[in-house]
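Colleague: One structure coming up, written as structure tokens, with questions to follow.
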Amino acid sequence: MARLSNPLSSLCLGIIRNWVSVVRCGKGGLIDEQGTAWTRLPVSEITDQLAHEFHLEVNTRKIYRALKELEEAKLIRREQRLKHRYRRDYWYTLTKEAEAIIAAASARRFSKKLSANYKASSGLRSAMITKAMIVAKVIAKINKTAIHANKIRPLGFL
């Protein structure tokens, strides 16, 4: 498993992963004859996205280094596709190793979330029903109507 020494590298990997998934949905980018989804990402766009999403002001040189680290770790591939005299942007895609690492990490997160939800579900249900009863009683006092506690159920637990 590849270890990244720079946190900026993992942020750049996340940005590339998101744009590659957009390309796989058929919106923009390029899918080559082998079925590999490529996205064109100038470093200035990565800088803008980091500033907008993470409120990070990062020098473009640091982003170049982070992308180089990702390429050396064999997590992304970088090529100058559709090369033109004036336009020599790099195109990025994820390697199979990166996709396997991301899939394993998301599976671990999902299983942890499921087990935590299962353990907390019994206590959470009773707490939610109790809160719903309290809210209903407050509303009833405001409306000056009588509400019987046994008739009130939250919509999700009918």
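Note on naming: chains are A, B, ... as they come in the structure tokens, residues start from 1 per chain, ligands start from 1 in the order shown.
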Just the residues within 12 Å of Gly14 (chain A), please, counting only C-alpha atoms, with nothing from its chain fewer than 3 positions along; format it as a VMD selection string.

Modeller: chain A and resid 7 to 11 17 to 21 46 49 to 50 53 to 54 67 70 75 to 76 93 to 94 98 to 99 102

Colleague: Would you output that residue set with N, CA and C atoms, as a JSON list (two decimals), in the first residue's frame?

Modeller:
[["chain", "number", "residue", "atom", "x", "y", "z"],
["A", 7, "PRO", "N", 0.15, 15.69, 2.88],
["A", 7, "PRO", "CA", -1.31, 15.69, 2.92],
["A", 7, "PRO", "C", -1.94, 16.32, 1.67],
["A", 8, "LEU", "N", -1.22, 17.24, 1.06],
["A", 8, "LEU", "CA", -1.72, 17.85, -0.16],
["A", 8, "LEU", "C", -1.87, 16.81, -1.28],
["A", 9, "SER", "N", -1.02, 15.80, -1.26],
["A", 9, "SER", "CA", -1.11, 14.74, -2.26],
["A", 9, "SER", "C", -2.44, 13.99, -2.14],
["A", 10, "SER", "N", -2.85, 13.73, -0.91],
["A", 10, "SER", "CA", -4.12, 13.02, -0.75],
["A", 10, "SER", "C", -5.31, 13.89, -1.17],
["A", 11, "LEU", "N", -5.22, 15.19, -0.94],
["A", 11, "LEU", "CA", -6.28, 16.09, -1.41],
["A", 11, "LEU", "C", -6.33, 16.12, -2.95],
["A", 17, "ARG", "N", -9.82, 11.81, -8.32],
["A", 17, "ARG", "CA", -10.81, 10.73, -8.24],
["A", 17, "ARG", "C", -12.21, 11.23, -8.54],
["A", 18, "ASN", "N", -12.57, 12.39, -7.98],
["A", 18, "ASN", "CA", -13.90, 12.94, -8.22],
["A", 18, "ASN", "C", -14.11, 13.30, -9.68],
["A", 19, "TRP", "N", -13.11, 13.90, -10.31],
["A", 19, "TRP", "CA", -13.27, 14.29, -11.71],
["A", 19, "TRP", "C", -13.27, 13.07, -12.63],
["A", 20, "VAL", "N", -12.52, 12.03, -12.28],
["A", 20, "VAL", "CA", -12.55, 10.80, -13.08],
["A", 20, "VAL", "C", -13.92, 10.14, -12.97],
["A", 21, "SER", "N", -14.54, 10.18, -11.79],
["A", 21, "SER", "CA", -15.88, 9.61, -11.66],
["A", 21, "SER", "C", -16.91, 10.41, -12.46],
["A", 46, "ILE", "N", -6.88, 23.06, -10.15],
["A", 46, "ILE", "CA", -6.73, 22.36, -8.87],
["A", 46, "ILE", "C", -6.54, 23.37, -7.75],
["A", 49, "GLN", "N", -9.90, 24.89, -7.01],
["A", 49, "GLN", "CA", -10.77, 23.96, -6.31],
["A", 49, "GLN", "C", -10.35, 23.79, -4.85],
["A", 50, "LEU", "N", -9.06, 23.73, -4.58],
["A", 50, "LEU", "CA", -8.58, 23.65, -3.20],
["A", 50, "LEU", "C", -8.97, 24.90, -2.41],
["A", 53, "GLU", "N", -13.06, 24.62, -2.01],
["A", 53, "GLU", "CA", -13.60, 23.54, -1.19],
["A", 53, "GLU", "C", -12.96, 23.42, 0.19],
["A", 54, "PHE", "N", -11.65, 23.63, 0.27],
["A", 54, "PHE", "CA", -10.94, 23.41, 1.52],
["A", 54, "PHE", "C", -10.39, 24.69, 2.13],
["A", 67, "LEU", "N", 1.47, 16.22, -7.22],
["A", 67, "LEU", "CA", 1.10, 15.38, -8.35],
["A", 67, "LEU", "C", 2.25, 14.46, -8.76],
["A", 70, "LEU", "N", 2.27, 11.59, -6.36],
["A", 70, "LEU", "CA", 1.23, 10.62, -6.69],
["A", 70, "LEU", "C", 1.62, 9.75, -7.88],
["A", 75, "LEU", "N", -0.11, 5.94, -8.16],
["A", 75, "LEU", "CA", -1.51, 6.08, -7.84],
["A", 75, "LEU", "C", -2.28, 6.78, -8.95],
["A", 76, "ILE", "N", -1.57, 7.58, -9.74],
["A", 76, "ILE", "CA", -2.18, 8.24, -10.90],
["A", 76, "ILE", "C", -1.28, 8.05, -12.11],
["A", 93, "THR", "N", -5.56, 10.11, -14.74],
["A", 93, "THR", "CA", -6.45, 9.01, -14.43],
["A", 93, "THR", "C", -5.89, 8.25, -13.24],
["A", 94, "LEU", "N", -6.73, 7.44, -12.63],
["A", 94, "LEU", "CA", -6.31, 6.63, -11.50],
["A", 94, "LEU", "C", -5.77, 5.30, -11.99],
["A", 98, "ALA", "N", -4.65, 2.38, -7.17],
["A", 98, "ALA", "CA", -5.34, 3.46, -6.47],
["A", 98, "ALA", "C", -6.82, 3.15, -6.32],
["A", 99, "GLU", "N", -7.43, 2.60, -7.37],
["A", 99, "GLU", "CA", -8.85, 2.26, -7.29],
["A", 99, "GLU", "C", -9.09, 1.17, -6.25],
["A", 102, "ILE", "N", -8.78, 2.79, -2.75],
["A", 102, "ILE", "CA", -9.95, 3.63, -2.46],
["A", 102, "ILE", "C", -11.17, 2.76, -2.18]]

Colleague: Quote the spacing between CA of Lys96 (chain A) and CA of Val23 (chain A) in Å to one decimal place.

Modeller: 16.4 Å

Colleague: What does the structure give for the distance between CA of Lys74 (chain A) and CA of Ile101 (chain A), in Å to one decimal?

Modeller: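 Distance between the two atoms: 11.8 Å.
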
Colleague: Between A:Ala66, A:Arg61, A:Gly29, A:Arg24, single out the one closest to Ser5 (chain A), counting only C-alpha atoms.

Modeller: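 Ranked by minimum distance to Ser5 (chain A), first place goes to A:Ala66.
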
Colleague: Find the distance between CA of Glu79 (chain A) and CA of Trp38 (chain A) and write it in Å to one decimal.

Modeller: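 It comes out at 9.3 Å.
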